[in-house]
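So this block is protein_34.txt, compact mmCIF, N, CA and C atoms:
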```
# COMPACT_ATOMS: atom_id res chain seq x y z
N MET A 936 130.68 0.48 5.88
CA MET A 936 129.28 0.07 5.79
C MET A 936 129.04 -1.04 6.84
N ASN A 937 128.02 -0.86 7.65
CA ASN A 937 127.78 -1.86 8.69
C ASN A 937 126.96 -3.03 8.14
N TRP A 938 126.80 -4.06 8.93
CA TRP A 938 126.12 -5.28 8.50
C TRP A 938 124.65 -5.04 8.18
N LEU A 939 124.00 -4.11 8.90
CA LEU A 939 122.60 -3.82 8.66
C LEU A 939 122.40 -3.17 7.28
N THR A 940 123.27 -2.25 6.92
CA THR A 940 123.19 -1.62 5.61
C THR A 940 123.40 -2.64 4.51
N LYS A 941 124.33 -3.54 4.69
CA LYS A 941 124.59 -4.60 3.71
C LYS A 941 123.36 -5.50 3.56
N LEU A 942 122.73 -5.82 4.69
CA LEU A 942 121.53 -6.66 4.66
C LEU A 942 120.41 -5.99 3.88
N PHE A 943 120.16 -4.70 4.14
CA PHE A 943 119.11 -3.99 3.41
C PHE A 943 119.40 -3.93 1.91
N LYS A 944 120.66 -3.73 1.56
CA LYS A 944 121.02 -3.70 0.14
C LYS A 944 120.72 -5.04 -0.51
N LYS A 945 121.04 -6.12 0.19
CA LYS A 945 120.76 -7.45 -0.35
C LYS A 945 119.26 -7.69 -0.47
N LEU A 946 118.51 -7.26 0.55
CA LEU A 946 117.06 -7.43 0.50
C LEU A 946 116.44 -6.68 -0.66
N PHE A 947 116.78 -5.41 -0.79
CA PHE A 947 116.17 -4.60 -1.83
C PHE A 947 116.70 -4.92 -3.21
N ALA A 948 117.85 -5.57 -3.29
CA ALA A 948 118.38 -6.00 -4.58
C ALA A 948 117.76 -7.33 -5.00
N GLY A 949 116.98 -7.92 -4.12
CA GLY A 949 116.28 -9.16 -4.45
C GLY A 949 117.09 -10.42 -4.21
N GLU A 950 118.28 -10.30 -3.65
CA GLU A 950 119.11 -11.49 -3.44
C GLU A 950 118.52 -12.41 -2.38
N ILE A 951 117.94 -11.84 -1.34
CA ILE A 951 117.39 -12.65 -0.28
C ILE A 951 115.90 -12.92 -0.49
N ALA A 952 115.20 -11.98 -1.12
CA ALA A 952 113.75 -12.10 -1.28
C ALA A 952 113.35 -13.40 -1.95
N ALA A 953 114.09 -13.81 -2.98
CA ALA A 953 113.75 -15.05 -3.68
C ALA A 953 113.95 -16.27 -2.79
N LYS A 954 114.88 -16.20 -1.85
CA LYS A 954 115.15 -17.32 -0.96
C LYS A 954 114.21 -17.34 0.23
N VAL A 955 113.76 -16.18 0.66
CA VAL A 955 112.92 -16.08 1.85
C VAL A 955 111.48 -16.50 1.55
N ILE A 956 110.96 -16.11 0.39
CA ILE A 956 109.56 -16.37 0.06
C ILE A 956 109.47 -17.22 -1.21
N PRO A 957 109.71 -18.51 -1.09
CA PRO A 957 109.60 -19.35 -2.28
C PRO A 957 108.13 -19.55 -2.65
N ILE A 958 107.85 -19.64 -3.93
CA ILE A 958 106.50 -19.92 -4.38
C ILE A 958 106.55 -21.20 -5.21
N THR A 959 105.70 -22.11 -4.87
CA THR A 959 105.69 -23.41 -5.54
C THR A 959 104.69 -23.42 -6.68
N ASP A 960 104.79 -24.44 -7.52
CA ASP A 960 103.83 -24.60 -8.61
C ASP A 960 102.41 -24.74 -8.05
N GLU A 961 102.29 -25.46 -6.93
CA GLU A 961 100.97 -25.64 -6.31
C GLU A 961 100.38 -24.31 -5.86
N GLN A 962 101.21 -23.43 -5.34
CA GLN A 962 100.73 -22.11 -4.91
C GLN A 962 100.31 -21.27 -6.12
N ILE A 963 101.02 -21.39 -7.21
CA ILE A 963 100.65 -20.68 -8.45
C ILE A 963 99.30 -21.18 -8.95
N ILE A 964 99.11 -22.49 -8.94
CA ILE A 964 97.84 -23.06 -9.39
C ILE A 964 96.70 -22.65 -8.46
N GLU A 965 96.95 -22.71 -7.16
CA GLU A 965 95.95 -22.32 -6.18
C GLU A 965 95.54 -20.85 -6.36
N ARG A 966 96.52 -19.98 -6.58
CA ARG A 966 96.24 -18.56 -6.81
C ARG A 966 95.43 -18.36 -8.09
N TYR A 967 95.75 -19.11 -9.13
CA TYR A 967 95.02 -19.02 -10.39
C TYR A 967 93.55 -19.41 -10.20
N VAL A 968 93.33 -20.51 -9.51
CA VAL A 968 91.95 -20.97 -9.27
C VAL A 968 91.19 -19.97 -8.40
N LEU A 969 91.84 -19.47 -7.36
CA LEU A 969 91.19 -18.52 -6.46
C LEU A 969 90.82 -17.22 -7.18
N THR A 970 91.78 -16.63 -7.88
CA THR A 970 91.51 -15.35 -8.54
C THR A 970 90.52 -15.53 -9.69
N GLY A 971 90.62 -16.63 -10.41
CA GLY A 971 89.67 -16.89 -11.50
C GLY A 971 88.26 -17.12 -10.99
N SER A 972 88.14 -17.83 -9.87
CA SER A 972 86.80 -18.08 -9.33
C SER A 972 86.19 -16.81 -8.75
N GLU A 973 87.03 -15.94 -8.14
CA GLU A 973 86.51 -14.66 -7.64
C GLU A 973 86.01 -13.80 -8.80
N PHE A 974 86.80 -13.74 -9.85
CA PHE A 974 86.39 -12.94 -11.00
C PHE A 974 85.15 -13.56 -11.66
N GLY A 975 85.13 -14.87 -11.78
CA GLY A 975 83.96 -15.55 -12.36
C GLY A 975 82.70 -15.31 -11.56
N SER A 976 82.83 -15.29 -10.24
CA SER A 976 81.68 -15.03 -9.38
C SER A 976 81.11 -13.63 -9.65
N VAL A 977 82.00 -12.66 -9.78
CA VAL A 977 81.56 -11.29 -10.04
C VAL A 977 80.94 -11.18 -11.43
N VAL A 978 81.54 -11.83 -12.42
CA VAL A 978 81.01 -11.76 -13.79
C VAL A 978 79.65 -12.47 -13.87
N SER A 979 79.41 -13.44 -13.01
CA SER A 979 78.10 -14.11 -13.02
C SER A 979 76.97 -13.14 -12.67
N MET A 980 77.32 -12.01 -12.06
CA MET A 980 76.32 -10.99 -11.71
C MET A 980 76.53 -9.71 -12.53
N ILE A 981 77.12 -9.83 -13.71
CA ILE A 981 77.47 -8.66 -14.52
C ILE A 981 76.22 -7.90 -14.99
N TYR A 982 75.07 -8.53 -14.94
CA TYR A 982 73.84 -7.84 -15.33
C TYR A 982 73.56 -6.63 -14.44
N MET A 983 74.23 -6.59 -13.26
CA MET A 983 74.09 -5.43 -12.38
C MET A 983 75.16 -4.38 -12.67
N GLY A 984 76.07 -4.68 -13.59
CA GLY A 984 77.15 -3.76 -13.93
C GLY A 984 78.43 -4.15 -13.21
N GLU A 985 79.50 -3.46 -13.56
CA GLU A 985 80.79 -3.73 -12.95
C GLU A 985 80.83 -3.15 -11.54
N CYS A 986 81.26 -3.95 -10.59
CA CYS A 986 81.30 -3.53 -9.19
C CYS A 986 82.55 -2.70 -8.91
N ILE A 987 82.60 -2.11 -7.74
CA ILE A 987 83.79 -1.38 -7.31
C ILE A 987 84.93 -2.38 -7.19
N GLY A 988 86.09 -2.04 -7.72
CA GLY A 988 87.24 -2.92 -7.68
C GLY A 988 87.28 -3.96 -8.78
N PHE A 989 86.38 -3.85 -9.73
CA PHE A 989 86.29 -4.83 -10.82
C PHE A 989 87.60 -4.91 -11.61
N GLY A 990 88.17 -3.77 -11.93
CA GLY A 990 89.42 -3.73 -12.69
C GLY A 990 90.57 -4.39 -11.94
N GLU A 991 90.60 -4.20 -10.62
CA GLU A 991 91.65 -4.81 -9.81
C GLU A 991 91.49 -6.34 -9.75
N LEU A 992 90.23 -6.81 -9.66
CA LEU A 992 89.98 -8.25 -9.70
C LEU A 992 90.45 -8.84 -11.02
N LEU A 993 90.15 -8.15 -12.10
CA LEU A 993 90.59 -8.60 -13.42
C LEU A 993 92.11 -8.65 -13.48
N GLN A 994 92.77 -7.64 -12.95
CA GLN A 994 94.24 -7.60 -12.99
C GLN A 994 94.86 -8.75 -12.20
N THR A 995 94.30 -9.06 -11.04
CA THR A 995 94.86 -10.17 -10.24
C THR A 995 94.67 -11.50 -10.97
N TRP A 996 93.51 -11.67 -11.63
CA TRP A 996 93.29 -12.89 -12.41
C TRP A 996 94.26 -12.92 -13.60
N GLU A 997 94.44 -11.80 -14.25
CA GLU A 997 95.33 -11.72 -15.40
C GLU A 997 96.77 -12.09 -15.01
N ASP A 998 97.23 -11.58 -13.89
CA ASP A 998 98.59 -11.90 -13.41
C ASP A 998 98.71 -13.39 -13.07
N ALA A 999 97.71 -13.90 -12.37
CA ALA A 999 97.73 -15.32 -11.98
C ALA A 999 97.63 -16.23 -13.20
N GLU A 1000 96.85 -15.82 -14.19
CA GLU A 1000 96.70 -16.62 -15.41
C GLU A 1000 98.02 -16.70 -16.17
N PHE A 1001 98.74 -15.60 -16.22
CA PHE A 1001 100.04 -15.59 -16.89
C PHE A 1001 101.01 -16.56 -16.19
N ASP A 1002 101.08 -16.47 -14.87
CA ASP A 1002 101.98 -17.35 -14.12
C ASP A 1002 101.59 -18.82 -14.32
N TYR A 1003 100.30 -19.10 -14.30
CA TYR A 1003 99.80 -20.47 -14.50
C TYR A 1003 100.16 -20.97 -15.90
N ALA A 1004 99.97 -20.14 -16.90
CA ALA A 1004 100.29 -20.52 -18.28
C ALA A 1004 101.79 -20.78 -18.44
N MET A 1005 102.61 -20.04 -17.70
CA MET A 1005 104.06 -20.24 -17.79
C MET A 1005 104.49 -21.59 -17.21
N LEU A 1006 103.61 -22.23 -16.47
CA LEU A 1006 103.90 -23.58 -15.98
C LEU A 1006 103.70 -24.62 -17.08
N GLY A 1007 103.11 -24.19 -18.23
CA GLY A 1007 102.91 -25.10 -19.35
C GLY A 1007 101.50 -25.65 -19.46
N PHE A 1008 100.56 -25.08 -18.70
CA PHE A 1008 99.18 -25.56 -18.73
C PHE A 1008 98.32 -24.73 -19.67
N ARG A 1009 97.25 -25.36 -20.17
CA ARG A 1009 96.21 -24.62 -20.88
C ARG A 1009 95.40 -23.85 -19.84
N THR A 1010 94.98 -22.66 -20.20
CA THR A 1010 94.19 -21.86 -19.28
C THR A 1010 92.71 -22.19 -19.43
N CYS A 1011 91.96 -21.91 -18.38
CA CYS A 1011 90.52 -22.17 -18.36
C CYS A 1011 89.78 -20.93 -18.86
N SER A 1012 88.65 -21.13 -19.50
CA SER A 1012 87.89 -20.01 -20.05
C SER A 1012 87.17 -19.23 -18.95
N LEU A 1013 86.79 -18.02 -19.27
CA LEU A 1013 85.98 -17.22 -18.36
C LEU A 1013 84.70 -17.97 -18.03
N ASP A 1014 84.11 -18.61 -19.02
CA ASP A 1014 82.86 -19.35 -18.82
C ASP A 1014 83.03 -20.44 -17.76
N ASP A 1015 84.19 -21.13 -17.79
CA ASP A 1015 84.47 -22.15 -16.78
C ASP A 1015 84.53 -21.54 -15.39
N PHE A 1016 85.17 -20.37 -15.28
CA PHE A 1016 85.28 -19.71 -13.98
C PHE A 1016 83.95 -19.11 -13.52
N VAL A 1017 83.12 -18.65 -14.45
CA VAL A 1017 81.79 -18.18 -14.07
C VAL A 1017 80.99 -19.34 -13.48
N GLY A 1018 81.07 -20.49 -14.12
CA GLY A 1018 80.38 -21.66 -13.60
C GLY A 1018 80.92 -22.10 -12.27
N TYR A 1019 82.23 -22.11 -12.14
CA TYR A 1019 82.87 -22.56 -10.91
C TYR A 1019 82.68 -21.57 -9.76
N GLY A 1020 83.01 -20.31 -10.02
CA GLY A 1020 82.94 -19.30 -8.96
C GLY A 1020 81.54 -18.78 -8.70
N GLY A 1021 80.72 -18.73 -9.75
CA GLY A 1021 79.38 -18.16 -9.60
C GLY A 1021 78.30 -19.17 -9.26
N TYR A 1022 78.50 -20.42 -9.72
CA TYR A 1022 77.43 -21.41 -9.56
C TYR A 1022 77.88 -22.74 -8.97
N GLY A 1023 79.17 -22.88 -8.68
CA GLY A 1023 79.66 -24.09 -8.02
C GLY A 1023 79.79 -25.32 -8.90
N THR A 1024 79.86 -25.15 -10.21
CA THR A 1024 80.05 -26.30 -11.09
C THR A 1024 81.53 -26.69 -11.09
N PRO A 1025 81.85 -27.90 -11.50
CA PRO A 1025 83.26 -28.30 -11.55
C PRO A 1025 84.07 -27.41 -12.51
N LEU A 1026 85.36 -27.32 -12.27
CA LEU A 1026 86.25 -26.52 -13.12
C LEU A 1026 86.97 -27.46 -14.08
N PRO A 1027 86.48 -27.54 -15.33
CA PRO A 1027 87.12 -28.46 -16.29
C PRO A 1027 88.41 -27.87 -16.83
N GLY A 1028 89.30 -28.72 -17.26
CA GLY A 1028 90.50 -28.28 -17.95
C GLY A 1028 91.63 -27.80 -17.07
N LEU A 1029 91.51 -27.94 -15.77
CA LEU A 1029 92.59 -27.50 -14.89
C LEU A 1029 93.74 -28.51 -14.97
N ARG A 1030 94.95 -28.02 -15.01
CA ARG A 1030 96.17 -28.82 -15.05
C ARG A 1030 96.33 -29.64 -16.34
N VAL A 1031 95.73 -29.17 -17.43
CA VAL A 1031 95.90 -29.84 -18.72
C VAL A 1031 97.12 -29.21 -19.41
N ALA A 1032 98.09 -30.03 -19.70
CA ALA A 1032 99.33 -29.53 -20.31
C ALA A 1032 99.09 -29.12 -21.76
N ARG A 1033 99.76 -28.03 -22.15
CA ARG A 1033 99.72 -27.61 -23.55
C ARG A 1033 100.66 -28.50 -24.36
N PHE A 1034 100.39 -28.59 -25.67
CA PHE A 1034 101.32 -29.27 -26.57
C PHE A 1034 102.58 -28.44 -26.67
N VAL A 1035 103.65 -29.03 -27.11
CA VAL A 1035 104.95 -28.37 -27.16
C VAL A 1035 104.88 -27.06 -27.95
N ASP A 1036 104.23 -27.05 -29.09
CA ASP A 1036 104.17 -25.85 -29.94
C ASP A 1036 102.91 -25.02 -29.74
N GLU A 1037 102.09 -25.38 -28.76
CA GLU A 1037 100.82 -24.68 -28.52
C GLU A 1037 101.05 -23.39 -27.73
N GLN A 1038 100.55 -22.30 -28.26
CA GLN A 1038 100.68 -21.00 -27.60
C GLN A 1038 99.62 -20.87 -26.49
N PRO A 1039 99.95 -20.23 -25.38
CA PRO A 1039 98.94 -20.06 -24.32
C PRO A 1039 97.84 -19.09 -24.75
N VAL A 1040 96.65 -19.32 -24.24
CA VAL A 1040 95.51 -18.43 -24.48
C VAL A 1040 95.27 -17.66 -23.20
N PHE A 1041 95.22 -16.34 -23.31
CA PHE A 1041 95.03 -15.50 -22.13
C PHE A 1041 93.61 -14.93 -22.13
N HIS A 1042 92.73 -15.58 -21.39
CA HIS A 1042 91.31 -15.20 -21.34
C HIS A 1042 91.12 -13.86 -20.64
N ALA A 1043 91.89 -13.62 -19.59
CA ALA A 1043 91.75 -12.35 -18.85
C ALA A 1043 92.14 -11.17 -19.74
N LYS A 1044 93.19 -11.32 -20.52
CA LYS A 1044 93.61 -10.26 -21.45
C LYS A 1044 92.52 -10.02 -22.49
N TYR A 1045 91.93 -11.10 -23.00
CA TYR A 1045 90.83 -10.97 -23.97
C TYR A 1045 89.65 -10.24 -23.34
N TYR A 1046 89.33 -10.57 -22.08
CA TYR A 1046 88.24 -9.89 -21.40
C TYR A 1046 88.53 -8.39 -21.32
N ARG A 1047 89.75 -8.04 -20.93
CA ARG A 1047 90.13 -6.63 -20.81
C ARG A 1047 89.95 -5.91 -22.14
N GLU A 1048 90.39 -6.52 -23.22
CA GLU A 1048 90.33 -5.89 -24.54
C GLU A 1048 88.92 -5.84 -25.12
N THR A 1049 88.09 -6.81 -24.78
CA THR A 1049 86.78 -6.93 -25.42
C THR A 1049 85.62 -6.40 -24.57
N TYR A 1050 85.64 -6.64 -23.27
CA TYR A 1050 84.47 -6.37 -22.44
C TYR A 1050 84.64 -5.29 -21.38
N LEU A 1051 85.83 -5.10 -20.87
CA LEU A 1051 86.01 -4.20 -19.73
C LEU A 1051 85.45 -2.81 -20.01
N GLY A 1052 84.54 -2.37 -19.16
CA GLY A 1052 83.92 -1.05 -19.31
C GLY A 1052 82.83 -0.97 -20.35
N LYS A 1053 82.50 -2.09 -20.99
CA LYS A 1053 81.53 -2.07 -22.09
C LYS A 1053 80.22 -2.79 -21.77
N VAL A 1054 80.16 -3.48 -20.63
CA VAL A 1054 78.95 -4.20 -20.25
C VAL A 1054 78.31 -3.44 -19.10
N GLY A 1055 77.27 -2.68 -19.42
CA GLY A 1055 76.59 -1.90 -18.40
C GLY A 1055 75.48 -2.69 -17.74
N PRO A 1056 74.90 -2.15 -16.70
CA PRO A 1056 73.79 -2.84 -16.03
C PRO A 1056 72.59 -2.99 -16.96
N ALA A 1057 71.86 -4.07 -16.78
CA ALA A 1057 70.70 -4.34 -17.63
C ALA A 1057 69.54 -3.40 -17.33
N ILE A 1058 69.49 -2.88 -16.11
CA ILE A 1058 68.43 -1.93 -15.76
C ILE A 1058 69.05 -0.71 -15.09
N ASP A 1059 68.33 0.37 -15.08
CA ASP A 1059 68.80 1.62 -14.49
C ASP A 1059 68.31 1.68 -13.04
N TYR A 1060 69.19 1.28 -12.12
CA TYR A 1060 68.82 1.22 -10.71
C TYR A 1060 68.50 2.60 -10.13
N ALA A 1061 69.22 3.61 -10.58
CA ALA A 1061 68.98 4.97 -10.08
C ALA A 1061 67.55 5.40 -10.42
N ARG A 1062 67.13 5.18 -11.66
CA ARG A 1062 65.78 5.55 -12.07
C ARG A 1062 64.74 4.71 -11.33
N MET A 1063 65.05 3.44 -11.13
CA MET A 1063 64.12 2.56 -10.44
C MET A 1063 63.90 3.03 -9.00
N MET A 1064 64.95 3.54 -8.35
CA MET A 1064 64.81 4.02 -6.98
C MET A 1064 63.98 5.30 -6.92
N ILE A 1065 63.96 6.07 -8.00
CA ILE A 1065 63.19 7.31 -8.03
C ILE A 1065 61.73 7.05 -8.34
N ASP A 1066 61.46 6.30 -9.44
CA ASP A 1066 60.06 6.14 -9.85
C ASP A 1066 59.44 4.82 -9.39
N GLY A 1067 60.24 3.86 -8.94
CA GLY A 1067 59.71 2.61 -8.39
C GLY A 1067 59.09 1.68 -9.40
N GLU A 1068 59.22 1.99 -10.69
CA GLU A 1068 58.61 1.14 -11.71
C GLU A 1068 59.51 -0.04 -12.03
N ALA A 1069 58.87 -1.14 -12.39
CA ALA A 1069 59.61 -2.34 -12.78
C ALA A 1069 60.31 -2.08 -14.11
N GLN A 1070 61.46 -2.68 -14.28
CA GLN A 1070 62.21 -2.53 -15.52
C GLN A 1070 62.66 -3.89 -16.01
N THR A 1071 62.87 -3.95 -17.27
CA THR A 1071 63.49 -5.12 -17.87
C THR A 1071 64.64 -4.63 -18.73
N GLY A 1072 65.55 -5.50 -19.00
CA GLY A 1072 66.69 -5.10 -19.82
C GLY A 1072 67.36 -6.31 -20.43
N ARG A 1073 68.28 -6.02 -21.32
CA ARG A 1073 69.05 -7.07 -21.97
C ARG A 1073 70.53 -6.78 -21.76
N TYR A 1074 71.32 -7.81 -21.66
CA TYR A 1074 72.74 -7.63 -21.54
C TYR A 1074 73.44 -8.80 -22.23
N GLU A 1075 74.69 -8.60 -22.56
CA GLU A 1075 75.49 -9.65 -23.16
C GLU A 1075 76.33 -10.28 -22.07
N MET A 1076 76.26 -11.59 -21.97
CA MET A 1076 77.09 -12.30 -21.00
C MET A 1076 78.48 -12.47 -21.61
N PRO A 1077 79.50 -11.92 -21.02
CA PRO A 1077 80.86 -12.06 -21.56
C PRO A 1077 81.27 -13.53 -21.65
N THR A 1078 82.00 -13.87 -22.68
CA THR A 1078 82.44 -15.25 -22.88
C THR A 1078 83.83 -15.28 -23.50
N THR A 1079 84.58 -16.31 -23.17
CA THR A 1079 85.85 -16.58 -23.85
C THR A 1079 85.90 -18.04 -24.28
N GLU A 1080 84.77 -18.71 -24.24
CA GLU A 1080 84.71 -20.13 -24.57
C GLU A 1080 85.23 -20.42 -25.99
N HIS A 1081 85.01 -19.50 -26.90
CA HIS A 1081 85.45 -19.71 -28.29
C HIS A 1081 86.97 -19.74 -28.44
N LEU A 1082 87.70 -19.32 -27.41
CA LEU A 1082 89.16 -19.33 -27.46
C LEU A 1082 89.75 -20.67 -27.02
N VAL A 1083 88.91 -21.53 -26.45
CA VAL A 1083 89.39 -22.77 -25.84
C VAL A 1083 89.69 -23.82 -26.90
N THR A 1084 90.83 -24.49 -26.68
CA THR A 1084 91.19 -25.66 -27.51
C THR A 1084 90.98 -26.88 -26.64
N ARG A 1085 90.05 -27.69 -27.03
CA ARG A 1085 89.80 -28.92 -26.25
C ARG A 1085 90.12 -30.12 -27.14
N LYS A 1086 91.37 -30.51 -27.17
CA LYS A 1086 91.80 -31.65 -28.00
C LYS A 1086 91.90 -32.89 -27.16
```
Exercise: express the given structure as structure tokens:
Amino acid sequence: MNWLTKLFKKLFAGEIAAKVIPITDEQIIERYVLTGSEFGSVVSMIYMGECIGFGELLQTWEDAEFDYAMLGFRTCSLDDFVGYGGYGTPLPGLRVARFVDEQPVFHAKYYRETYLGKVGPAIDYARMMIDGEAQTGRYEMPTTEHLVTRK
């Protein structure tokens, strides 16, 4: 076996990958804030319905939220990210440590189980483009604020 084959085996076995691309706590936090704010921005416009790639955005936030929670922090609610990503308000509760026996709350997972695919557009855009009539509608703004522990 030549040296190149040995190198590839080490790479694909993950022996070198962990050493080549280290990820710091700061990068995990940055990824969590970025993915949460992107998802919050999209949810702030949910009255138009779920956009293309909505499920993938949710998945990236869900993955980042898990990694962030594993650092020992309390997670931020969807409402906090809607405010931060959609309207530019401050992001409260970032970097707040959980108590020793406190279980993490996964807001993205709750969103997936409760809202994903269930919040349609408030108005029928296809019909509006055909008949040109004004429409009104009602929609439920998704929330996870009730899951937050603010002690």
- Item | Selection near Ser976 (chain A), 10 Å with only C-alpha atoms, sequence-local residues under 3 positions removed, as a list in words | Thr970, Gly971, Ser972, Glu973, Ser979, Met980, Ile981, Phe1016, Val1017, Gly1018, Tyr1019, Gly1020, Gly1021, Tyr1022 and Gly1023 of chain A
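Of note, CA of Leu1013 (chain A) and atom C of Asp960 (chain A) are spaced 20.8 Å apart.
Counting from atom N of Phe974 (chain A), the distance to CA of Val1035 (chain A) is 29.0 Å.
As for CA of Gly984 (chain A) and CA of His1042 (chain A), they are spaced 19.7 Å apart.
Neighbours of region 996-998 of chain A closer than or equal to 7 Å, with all atoms listed in the file counted and sequence neighbours fewer than 5 positions away skipped, come out as A:Tyr967, A:Thr970, A:Gly971, A:Glu991, A:Tyr1003, A:Ala1043, A:Lys1044.
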- Task: Would you please give, as JSON, numbers by chain, all residues of region 1039-1078 of chain A that DSSP assigns to alpha helix (DSSP H) based on the backbone?
- Result: {"A": [1042, 1043, 1044, 1045, 1046, 1047, 1048, 1049, 1060, 1061, 1062, 1063, 1064, 1065, 1066]}
Taking all atoms of region 1002-1009 of chain A that the file lists, what box with edges along x, y and z, padded by 8 Å per side, do you get, with centre and edge lengths in Å to one decimal, as JSON?
```
{"center_x": 99.9, "center_y": -21.1, "center_z": -17.5, "size_x": 25.1, "size_y": 25.2, "size_z": 22.8}
```
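Using only C-alpha atoms, the smallest distance between any of A:Gly988, A:Thr959, A:Met1076, A:Glu965 and Tyr1046 (chain A) comes from A:Met1076.
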- Leaving out Met983 (chain A) and any residue of its chain fewer than 2 positions from it, which residues lie within 8 Å of it when counting all atoms listed in the file, given as a ChimeraX atom specification? /A:979-981,985-986,1054-1058
